[in-house]
Structures are given as C-alpha cells and as structure tokens.
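Trainee: Just my_file-v1.txt, nothing more (compact mmCIF, C-alpha atoms and all ligand atoms):
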```
# COMPACT_ATOMS: atom_id res chain seq x y z
CA MET A 1 -38.72 -5.06 -3.57
CA ILE A 2 -35.70 -3.80 -1.65
CA ARG A 3 -32.06 -3.97 -2.72
CA ILE A 4 -28.94 -3.20 -0.68
CA GLY A 5 -25.51 -2.14 -1.94
CA GLN A 6 -22.20 -1.07 -0.48
CA GLY A 7 -19.26 0.96 -1.78
CA PHE A 8 -15.69 1.57 -0.65
CA ASP A 9 -13.04 3.83 -2.18
CA VAL A 10 -9.66 5.39 -1.41
CA HIS A 11 -7.86 8.34 -3.01
CA GLU A 12 -4.38 9.64 -2.24
CA PHE A 13 -3.69 13.29 -1.43
CA GLU A 14 -2.09 15.42 -4.13
CA GLU A 15 -0.85 18.99 -3.89
CA GLY A 16 -2.32 21.51 -6.29
CA ARG A 17 -5.78 19.97 -6.70
CA PRO A 18 -9.03 21.12 -5.06
CA LEU A 19 -10.43 18.85 -2.36
CA ILE A 20 -13.86 17.75 -3.59
CA ILE A 21 -15.89 15.54 -1.27
CA GLY A 22 -19.60 14.87 -1.61
CA GLY A 23 -19.92 17.24 -4.54
CA ILE A 24 -18.60 20.28 -2.69
CA THR A 25 -15.19 21.91 -2.62
CA ILE A 26 -13.65 21.88 0.85
CA PRO A 27 -11.03 24.50 1.67
CA TYR A 28 -7.74 22.63 2.28
CA ASP A 29 -4.12 22.80 1.18
CA ARG A 30 -4.32 19.56 -0.85
CA GLY A 31 -6.80 17.69 -2.99
CA LEU A 32 -7.05 14.04 -4.01
CA THR A 33 -5.45 12.20 -6.92
CA GLY A 34 -7.62 10.57 -9.54
CA HIS A 35 -8.49 10.28 -13.20
CA SER A 36 -11.72 12.14 -12.36
CA ASP A 37 -12.14 14.92 -9.78
CA ALA A 38 -11.45 12.13 -7.22
CA ASP A 39 -14.60 12.71 -5.18
CA VAL A 40 -14.08 9.75 -2.92
CA LEU A 41 -17.50 10.03 -1.26
CA LEU A 42 -19.54 10.26 -4.46
CA HIS A 43 -17.57 7.30 -5.84
CA THR A 44 -18.68 5.17 -2.90
CA VAL A 45 -22.30 6.23 -3.31
CA THR A 46 -22.06 5.45 -7.03
CA ASP A 47 -20.55 2.02 -6.33
CA ALA A 48 -23.17 1.30 -3.67
CA ALA A 49 -25.98 2.16 -6.10
CA LEU A 50 -24.42 0.02 -8.84
CA GLY A 51 -23.98 -2.82 -6.37
CA ALA A 52 -27.60 -2.63 -5.29
CA ILE A 53 -28.86 -3.06 -8.86
CA GLY A 54 -26.25 -5.68 -9.79
CA GLU A 55 -24.53 -3.44 -12.37
CA GLY A 56 -20.88 -3.85 -11.44
CA ASP A 57 -18.83 -0.83 -10.41
CA ILE A 58 -17.85 2.72 -11.32
CA GLY A 59 -14.73 1.67 -13.23
CA ARG A 60 -16.79 -0.62 -15.48
CA HIS A 61 -19.12 2.22 -16.42
CA PHE A 62 -16.51 5.01 -16.52
CA PRO A 63 -13.07 3.46 -17.19
CA ASP A 64 -10.02 5.39 -15.96
CA THR A 65 -8.39 4.58 -19.32
CA ASP A 66 -11.02 6.68 -21.14
CA ALA A 67 -10.00 10.30 -21.75
CA ALA A 68 -13.70 11.23 -21.67
CA PHE A 69 -13.60 10.85 -17.88
CA LYS A 70 -10.36 12.80 -17.30
CA ASP A 71 -11.10 15.33 -14.54
CA ALA A 72 -14.76 14.26 -14.75
CA ASP A 73 -17.25 15.79 -12.33
CA SER A 74 -18.18 12.79 -10.16
CA ALA A 75 -21.61 14.32 -9.56
CA ILE A 76 -22.31 13.85 -13.27
CA LEU A 77 -21.13 10.22 -13.09
CA LEU A 78 -23.48 9.62 -10.13
CA GLU A 79 -26.36 11.32 -11.97
CA LYS A 80 -25.83 8.94 -14.92
CA VAL A 81 -25.85 5.92 -12.63
CA TRP A 82 -28.89 7.23 -10.76
CA GLY A 83 -30.66 7.41 -14.13
CA ILE A 84 -30.06 3.66 -14.51
CA VAL A 85 -31.35 3.06 -10.97
CA GLU A 86 -34.55 5.02 -11.65
CA ALA A 87 -35.01 3.43 -15.08
CA LYS A 88 -35.12 0.09 -13.27
CA GLY A 89 -37.92 1.46 -11.08
CA TYR A 90 -35.96 2.05 -7.88
CA ARG A 91 -35.80 5.10 -5.62
CA LEU A 92 -33.70 5.83 -2.55
CA GLY A 93 -34.66 4.29 0.77
CA ASN A 94 -31.62 5.68 2.57
CA VAL A 95 -27.88 5.92 2.21
CA ASP A 96 -25.36 6.01 5.05
CA CYS A 97 -21.78 7.14 4.36
CA THR A 98 -18.57 7.25 6.38
CA ILE A 99 -15.60 9.41 5.41
CA MET A 100 -12.28 8.32 6.92
CA ALA A 101 -9.99 11.34 7.11
CA GLN A 102 -7.42 12.31 9.71
CA LYS A 103 -7.72 15.85 8.29
CA PRO A 104 -9.43 18.07 7.36
CA LYS A 105 -12.27 18.33 9.86
CA MET A 106 -15.40 17.36 7.97
CA ALA A 107 -18.03 18.37 10.55
CA PRO A 108 -18.44 21.95 9.28
CA HIS A 109 -19.21 20.60 5.78
CA ILE A 110 -21.49 17.65 6.54
CA ASP A 111 -24.83 19.47 6.18
CA LYS A 112 -23.86 20.84 2.77
CA ILE A 113 -22.65 17.40 1.61
CA ARG A 114 -25.90 15.75 2.79
CA ALA A 115 -27.96 18.30 0.90
CA ARG A 116 -25.91 17.82 -2.27
CA VAL A 117 -26.09 14.02 -2.13
CA ALA A 118 -29.85 14.15 -1.46
CA ASP A 119 -30.25 16.45 -4.45
CA LEU A 120 -28.28 14.08 -6.71
CA LEU A 121 -30.37 11.12 -5.54
CA HIS A 122 -33.72 12.98 -5.89
CA ALA A 123 -34.36 12.36 -2.20
CA ASP A 124 -34.96 14.23 1.03
CA VAL A 125 -31.98 15.12 3.18
CA SER A 126 -33.42 12.89 5.94
CA GLN A 127 -32.66 9.89 3.68
CA VAL A 128 -28.95 10.71 3.55
CA ASN A 129 -26.52 10.37 6.46
CA VAL A 130 -22.86 11.34 6.25
CA LYS A 131 -20.40 10.61 9.05
CA ALA A 132 -16.69 11.27 9.44
CA THR A 133 -14.02 9.59 11.51
CA THR A 134 -10.29 9.81 11.90
CA THR A 135 -8.39 6.56 12.20
CA GLU A 136 -6.69 7.78 15.37
CA LYS A 137 -3.46 8.51 13.41
CA LEU A 138 -3.19 4.84 12.38
CA GLY A 139 -2.62 3.53 8.85
CA PHE A 140 -2.56 5.48 5.58
CA VAL A 141 -5.48 7.67 6.63
CA GLY A 142 -3.86 8.38 9.97
CA ARG A 143 -0.58 9.33 8.26
CA GLU A 144 -2.60 11.80 6.14
CA GLU A 145 -1.66 10.04 2.90
CA GLY A 146 -5.23 9.92 1.65
CA ILE A 147 -8.93 9.71 2.40
CA ALA A 148 -11.17 6.62 2.37
CA SER A 149 -14.94 6.43 2.26
CA MET A 150 -17.65 3.83 2.41
CA ALA A 151 -21.40 3.85 1.85
CA THR A 152 -24.33 1.53 2.30
CA ILE A 153 -27.47 2.16 0.28
CA LEU A 154 -31.00 0.81 0.40
CA LEU A 155 -33.16 1.05 -2.71
CA LEU A 156 -36.94 0.68 -2.75
CA LYS A 157 -39.32 -0.26 -5.54
CA ASN A 158 -43.09 0.29 -5.70
CA ASP A 159 -44.90 0.87 -2.41
CA GLN A 160 -42.08 0.16 0.07
CA ASN A 161 -41.34 2.92 2.63
N1 LIG B 1 -12.05 14.22 9.40
C1 LIG B 1 -12.90 14.18 10.43
C2 LIG B 1 -12.87 13.20 11.40
C3 LIG B 1 -13.74 13.25 12.46
N2 LIG B 1 -14.65 14.24 12.53
C4 LIG B 1 -15.59 14.35 13.68
O1 LIG B 1 -14.90 14.12 14.89
C5 LIG B 1 -15.53 13.07 15.63
C6 LIG B 1 -14.50 12.28 16.39
O2 LIG B 1 -13.63 11.60 15.49
P1 LIG B 1 -12.83 10.31 15.99
O3 LIG B 1 -12.07 9.83 14.82
O4 LIG B 1 -11.98 10.79 17.10
O5 LIG B 1 -13.85 9.31 16.44
C7 LIG B 1 -16.30 12.27 14.61
O6 LIG B 1 -17.39 11.60 15.18
C8 LIG B 1 -16.73 13.35 13.65
O7 LIG B 1 -17.89 14.00 14.13
C9 LIG B 1 -14.68 15.20 11.57
O8 LIG B 1 -15.50 16.14 11.60
N3 LIG B 1 -13.80 15.16 10.53
C1 LIG B 2 -13.97 7.58 -11.64
C2 LIG B 2 -12.85 7.03 -12.48
C3 LIG B 2 -13.07 7.49 -13.92
O1 LIG B 2 -12.72 8.83 -14.12
O2 LIG B 2 -11.56 7.47 -12.12
P1 LIG B 2 -10.89 7.80 -10.70
O3 LIG B 2 -11.10 9.23 -10.39
O4 LIG B 2 -9.45 7.39 -10.78
O5 LIG B 2 -11.66 7.02 -9.57
P2 LIG B 2 -11.74 5.52 -9.06
O6 LIG B 2 -12.30 5.54 -7.71
O7 LIG B 2 -10.41 4.86 -9.22
O8 LIG B 2 -12.89 4.91 -10.00
C4 LIG B 2 -13.16 4.72 -11.27
C5 LIG B 2 -12.62 5.51 -12.40
O9 LIG B 2 -12.79 4.80 -13.55
```
What would you get if you wrote out this structure as structure tokens?
Mentor:
Amino acid sequence: MIRIGQGFDVHEFEEGRPLIIGGITIPYDRGLTGHSDADVLLHTVTDAALGAIGEGDIGRHFPDTDAAFKDADSAILLEKVWGIVEAKGYRLGNVDCTIMAQKPKMAPHIDKIRARVADLLHADVSQVNVKATTTEKLGFVGREEGIASMATILLLKNDQN
C-alpha cells in the first residue's frame, strides 16, 4: 500500500523571535510569527503526513486556540503525528520539501535540516530532500514579508520499497 500527501504553509516574519526552519535555528535578524515556534517547514511535513493518512491537518490536531501549543516545539508536534502514521503501519518512502524564502540563504543549512527531518521520521537522510528557492523578489516572499514552504510525502506499508 502506498499513500501520498502534500502540505503547504506560510508564516510572516517577526522581529525578536528565533528563525526555526526544519527543526534547526538559523542565524538571522528576524524569526517567524506563530502560535507555535512557527517552523514553517516542519508544519508542511506534518500536514503532508496527515494528508497521506487521511487525518486532516495540523490545526485540527493542535489548535492555535489551545494554550498547550503556545510556543510549541514543532518537532514534538511532528513526532506525535509520526506516531499516528507508524501506528497505522506506515513508514517513510520519501519526502520532498521546498522552502520559498527571498532571504536568508538556506543552502548552508540544508544538510542539517535534512538530517533533522530524517531523524524525526525514523528514516535515512537519502529519503529526505529539501530545496530552497527565492521568488525572484515577487509577491510576499519576494518582499521579505514571510516564508512559505511545501512538501510532498510518500508513505509505504508492508513490503513496498
Ligand atoms: N532562500 C534561498 C533561496 C534560494 N537558495 C538557493 O539558491 C538557488 C537559486 O535560487 P533562485 O530562487 O534564484 O532559483 C536555489 O536553487 C537554492 O539552491 C537558497 O539557498 N536559499
Ligand atoms: C501549529 C499551530 C499550533 O501551535 O500554530 P501555528 O504556529 O500558528 O501554525 P499554523 O501553521 O498556523 O498551524 C497550526 C497551529 O494550530
């Protein structure tokens, strides 16, 4: 059995917060706004996983009206969702992610993000791809108002490779 899911998320920049993307802190002069730590990449991986198993979305599982998730570590939210995925008998086939950011430059951080995401998904780093693109100064990303991300995930059950 194979299942596919996709995720998309956007968070606005905010001064005075750390920039956390893919479970790592990236040195920058601004972070992202959110009820949680606003890890836009992990949110898209979480949504993609939930989509693949037909379990709705991150906001349904961790409402932004619930004080329990204020400043939540998004890695912990993803770990909880991955527990549901594994309880249903699935494991990672592969996940492919795209970060849309005019700044900062993500390339120096990609290997560390891949390793962190692979760790959270109990997978090998070869099963995780993370890309970054600017939007050529166009739109809200191009105006450096925020960062967007998307992810596509493939889950496998039983003997599928
Ligand atoms: N925030 C970003 C955006 C892009 N990159 C890397 O630069 C390459 C070229 O980006 P374009 O938007 O001009 O296509 C892209 O392929 C990434 O490797 C980056 O590191 N950080
Ligand atoms: C993660 C949650 C919960 O803390 O809050 P935010 O950080 O605002 O993130 P969002 O991408 O809007 O998704 C769902 C939320 O319920």
Trainee: Could you tell me how far atom C8 of ligand LIG 1 (chain B) sits from CA of Gly16 in chain A, in Å to one decimal place?
Mentor: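 CA of Gly16 in chain A sits 25.9 Å away from atom C8 of ligand LIG 1 (chain B).
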Trainee: What lies within 12 Å of Phe140 in chain A using all atoms listed in the file, ignoring chain neighbours under 2 positions off, as an MDAnalysis selection string?
Mentor: chainID A and resid 10:13 100:103 134:138 142:148
Trainee: So that each row is one residue of chain A with an atom at most 9 Å from ligand LIG 2 (chain B), can you give its shortest atom pair and the distance in Å to one decimal, using all atoms listed in the file, rows by chain and rising number, as JSON lines?
Mentor:
```
{"residue": "A:Phe8", "atom": "CA", "partner": "B:LIG2", "partner_atom": "O6", "distance": 8.8}
{"residue": "A:Asp9", "atom": "CA", "partner": "B:LIG2", "partner_atom": "O6", "distance": 5.8}
{"residue": "A:Val10", "atom": "CA", "partner": "B:LIG2", "partner_atom": "O6", "distance": 6.8}
{"residue": "A:His11", "atom": "CA", "partner": "B:LIG2", "partner_atom": "O6", "distance": 7.0}
{"residue": "A:Leu32", "atom": "CA", "partner": "B:LIG2", "partner_atom": "O3", "distance": 9.0}
{"residue": "A:Thr33", "atom": "CA", "partner": "B:LIG2", "partner_atom": "O3", "distance": 7.3}
{"residue": "A:Gly34", "atom": "CA", "partner": "B:LIG2", "partner_atom": "O3", "distance": 3.8}
{"residue": "A:His35", "atom": "CA", "partner": "B:LIG2", "partner_atom": "O4", "distance": 3.9}
{"residue": "A:Ser36", "atom": "CA", "partner": "B:LIG2", "partner_atom": "O3", "distance": 3.6}
{"residue": "A:Asp37", "atom": "CA", "partner": "B:LIG2", "partner_atom": "O3", "distance": 5.8}
{"residue": "A:Ala38", "atom": "CA", "partner": "B:LIG2", "partner_atom": "O3", "distance": 4.3}
{"residue": "A:Asp39", "atom": "CA", "partner": "B:LIG2", "partner_atom": "O3", "distance": 7.2}
{"residue": "A:Val40", "atom": "CA", "partner": "B:LIG2", "partner_atom": "O6", "distance": 6.6}
{"residue": "A:His43", "atom": "CA", "partner": "B:LIG2", "partner_atom": "O6", "distance": 5.9}
{"residue": "A:Thr44", "atom": "CA", "partner": "B:LIG2", "partner_atom": "O6", "distance": 8.0}
{"residue": "A:Asp47", "atom": "CA", "partner": "B:LIG2", "partner_atom": "O8", "distance": 9.0}
{"residue": "A:Asp57", "atom": "CA", "partner": "B:LIG2", "partner_atom": "C4", "distance": 8.0}
{"residue": "A:Ile58", "atom": "CA", "partner": "B:LIG2", "partner_atom": "C4", "distance": 5.1}
{"residue": "A:Gly59", "atom": "CA", "partner": "B:LIG2", "partner_atom": "O9", "distance": 3.7}
{"residue": "A:Arg60", "atom": "CA", "partner": "B:LIG2", "partner_atom": "O9", "distance": 7.0}
{"residue": "A:His61", "atom": "CA", "partner": "B:LIG2", "partner_atom": "O9", "distance": 7.4}
{"residue": "A:Phe62", "atom": "CA", "partner": "B:LIG2", "partner_atom": "O9", "distance": 4.8}
{"residue": "A:Pro63", "atom": "CA", "partner": "B:LIG2", "partner_atom": "O9", "distance": 3.9}
{"residue": "A:Asp64", "atom": "CA", "partner": "B:LIG2", "partner_atom": "O9", "distance": 3.7}
{"residue": "A:Thr65", "atom": "CA", "partner": "B:LIG2", "partner_atom": "O9", "distance": 7.3}
{"residue": "A:Asp66", "atom": "CA", "partner": "B:LIG2", "partner_atom": "O1", "distance": 7.5}
{"residue": "A:Ala67", "atom": "CA", "partner": "B:LIG2", "partner_atom": "O1", "distance": 8.2}
{"residue": "A:Ala68", "atom": "CA", "partner": "B:LIG2", "partner_atom": "O1", "distance": 8.0}
{"residue": "A:Phe69", "atom": "CA", "partner": "B:LIG2", "partner_atom": "O1", "distance": 4.4}
{"residue": "A:Lys70", "atom": "CA", "partner": "B:LIG2", "partner_atom": "O1", "distance": 5.6}
{"residue": "A:Asp71", "atom": "CA", "partner": "B:LIG2", "partner_atom": "O1", "distance": 6.7}
{"residue": "A:Ala72", "atom": "CA", "partner": "B:LIG2", "partner_atom": "O1", "distance": 5.8}
{"residue": "A:Asp73", "atom": "CA", "partner": "B:LIG2", "partner_atom": "O1", "distance": 8.5}
{"residue": "A:Ser74", "atom": "CA", "partner": "B:LIG2", "partner_atom": "C1", "distance": 6.9}
{"residue": "A:Leu77", "atom": "CA", "partner": "B:LIG2", "partner_atom": "C1", "distance": 7.8}
```
Trainee: Could you turn the residues from that selection into a file that holds C-alpha atoms, as an mmCIF file, in the frame of the given file?
Mentor:
```
data_model
loop_
_atom_site.group_PDB
_atom_site.id
_atom_site.type_symbol
_atom_site.label_atom_id
_atom_site.label_comp_id
_atom_site.auth_asym_id
_atom_site.auth_seq_id
_atom_site.Cartn_x
_atom_site.Cartn_y
_atom_site.Cartn_z
ATOM 1 C CA PHE A 8 -15.690 1.570 -0.650
ATOM 2 C CA ASP A 9 -13.040 3.830 -2.180
ATOM 3 C CA VAL A 10 -9.660 5.390 -1.410
ATOM 4 C CA HIS A 11 -7.860 8.340 -3.010
ATOM 5 C CA LEU A 32 -7.050 14.040 -4.010
ATOM 6 C CA THR A 33 -5.450 12.200 -6.920
ATOM 7 C CA GLY A 34 -7.620 10.570 -9.540
ATOM 8 C CA HIS A 35 -8.490 10.280 -13.200
ATOM 9 C CA SER A 36 -11.720 12.140 -12.360
ATOM 10 C CA ASP A 37 -12.140 14.920 -9.780
ATOM 11 C CA ALA A 38 -11.450 12.130 -7.220
ATOM 12 C CA ASP A 39 -14.600 12.710 -5.180
ATOM 13 C CA VAL A 40 -14.080 9.750 -2.920
ATOM 14 C CA HIS A 43 -17.570 7.300 -5.840
ATOM 15 C CA THR A 44 -18.680 5.170 -2.900
ATOM 16 C CA ASP A 47 -20.550 2.020 -6.330
ATOM 17 C CA ASP A 57 -18.830 -0.830 -10.410
ATOM 18 C CA ILE A 58 -17.850 2.720 -11.320
ATOM 19 C CA GLY A 59 -14.730 1.670 -13.230
ATOM 20 C CA ARG A 60 -16.790 -0.620 -15.480
ATOM 21 C CA HIS A 61 -19.120 2.220 -16.420
ATOM 22 C CA PHE A 62 -16.510 5.010 -16.520
ATOM 23 C CA PRO A 63 -13.070 3.460 -17.190
ATOM 24 C CA ASP A 64 -10.020 5.390 -15.960
ATOM 25 C CA THR A 65 -8.390 4.580 -19.320
ATOM 26 C CA ASP A 66 -11.020 6.680 -21.140
ATOM 27 C CA ALA A 67 -10.000 10.300 -21.750
ATOM 28 C CA ALA A 68 -13.700 11.230 -21.670
ATOM 29 C CA PHE A 69 -13.600 10.850 -17.880
ATOM 30 C CA LYS A 70 -10.360 12.800 -17.300
ATOM 31 C CA ASP A 71 -11.100 15.330 -14.540
ATOM 32 C CA ALA A 72 -14.760 14.260 -14.750
ATOM 33 C CA ASP A 73 -17.250 15.790 -12.330
ATOM 34 C CA SER A 74 -18.180 12.790 -10.160
ATOM 35 C CA LEU A 77 -21.130 10.220 -13.090
#
```
Trainee: Just the number, please: distance in Å from CA of Asp29 in chain A to CA of Ala48 in chain A, one decimal.
Mentor: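 So the two atoms, CA of Asp29 in chain A and CA of Ala48 in chain A, lie 29.1 Å apart.
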Trainee: Around the point (-24.2, 5.7, -7.7), in the coordinates given by the file, pick out the residues reaching within 12 Å, counting all atoms listed in the file, and return them as number ranges by chain.
Mentor: A: 5-8, 22, 40-59, 61-62, 74-86, 91-92, 95, 117-118, 120-121, 151-155
Trainee: With distances taken over only C-alpha atoms, which residue among A:Met106, A:Ile2, A:Ala87, A:Cys97 lies nearest Ile24 in chain A?
Mentor: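 Result for the nearest residue to Ile24 in chain A: A:Met106.
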Trainee: Work out how far CA of Ala132 in chain A is from atom O4 of ligand LIG 1 (chain B), in Å to one decimal.
Mentor: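 Atom-to-atom, atom O4 of ligand LIG 1 (chain B) and CA of Ala132 in chain A are spaced 9.0 Å apart.
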Trainee: Between A:Pro104, A:Gly139, A:Gly23, A:Gly93, which is the closest to ligand LIG 1 (chain B) once you count only C-alpha atoms and all ligand atoms?
Mentor: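 Among the listed residues, the smallest separation from ligand LIG 1 (chain B) belongs to A:Pro104.
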Trainee: Taking every listed atom of range 98-110 of chain A and adding 5 Å to each side, what centre and edge lengths in Å (one decimal) does the axis-aligned box have, as lines of an AutoDock Vina configuration file?
Mentor:
```
center_x = -14.5
center_y = 14.6
center_z = 8.0
size_x = 24.1
size_y = 24.7
size_z = 15.1
```
Trainee: Restricting the calculation to only C-alpha atoms and all ligand atoms, which member of A:Glu14, A:His109, A:Asp96, A:Arg114 is positioned closest to ligand LIG 1 (chain B)?
Mentor: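 Selected residue with least distance to ligand LIG 1 (chain B): A:His109.
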Trainee: Just checking: using all atoms listed in the file, which residue out of A:Ala115, A:Ile99, A:Val125, A:Leu156 ends up closest to ligand LIG 1 (chain B)?
Mentor: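 Among the listed residues, A:Ile99 lies closest to ligand LIG 1 (chain B).
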Trainee: Identify which of the residues A:Lys112, A:Lys131, A:Arg17, A:His122 lies closest to ligand LIG 1 (chain B), counting all atoms listed in the file when measuring atom-to-atom distances.
Mentor: A:Lys131
Trainee: Out of A:Lys157, A:Asp119, A:Gly89, A:Tyr28, which residue has the shortest atom-to-atom distance to ligand LIG 1 (chain B) when counting only C-alpha atoms and all ligand atoms?
Mentor: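 So, comparing all the options, the nearest one is A:Tyr28.
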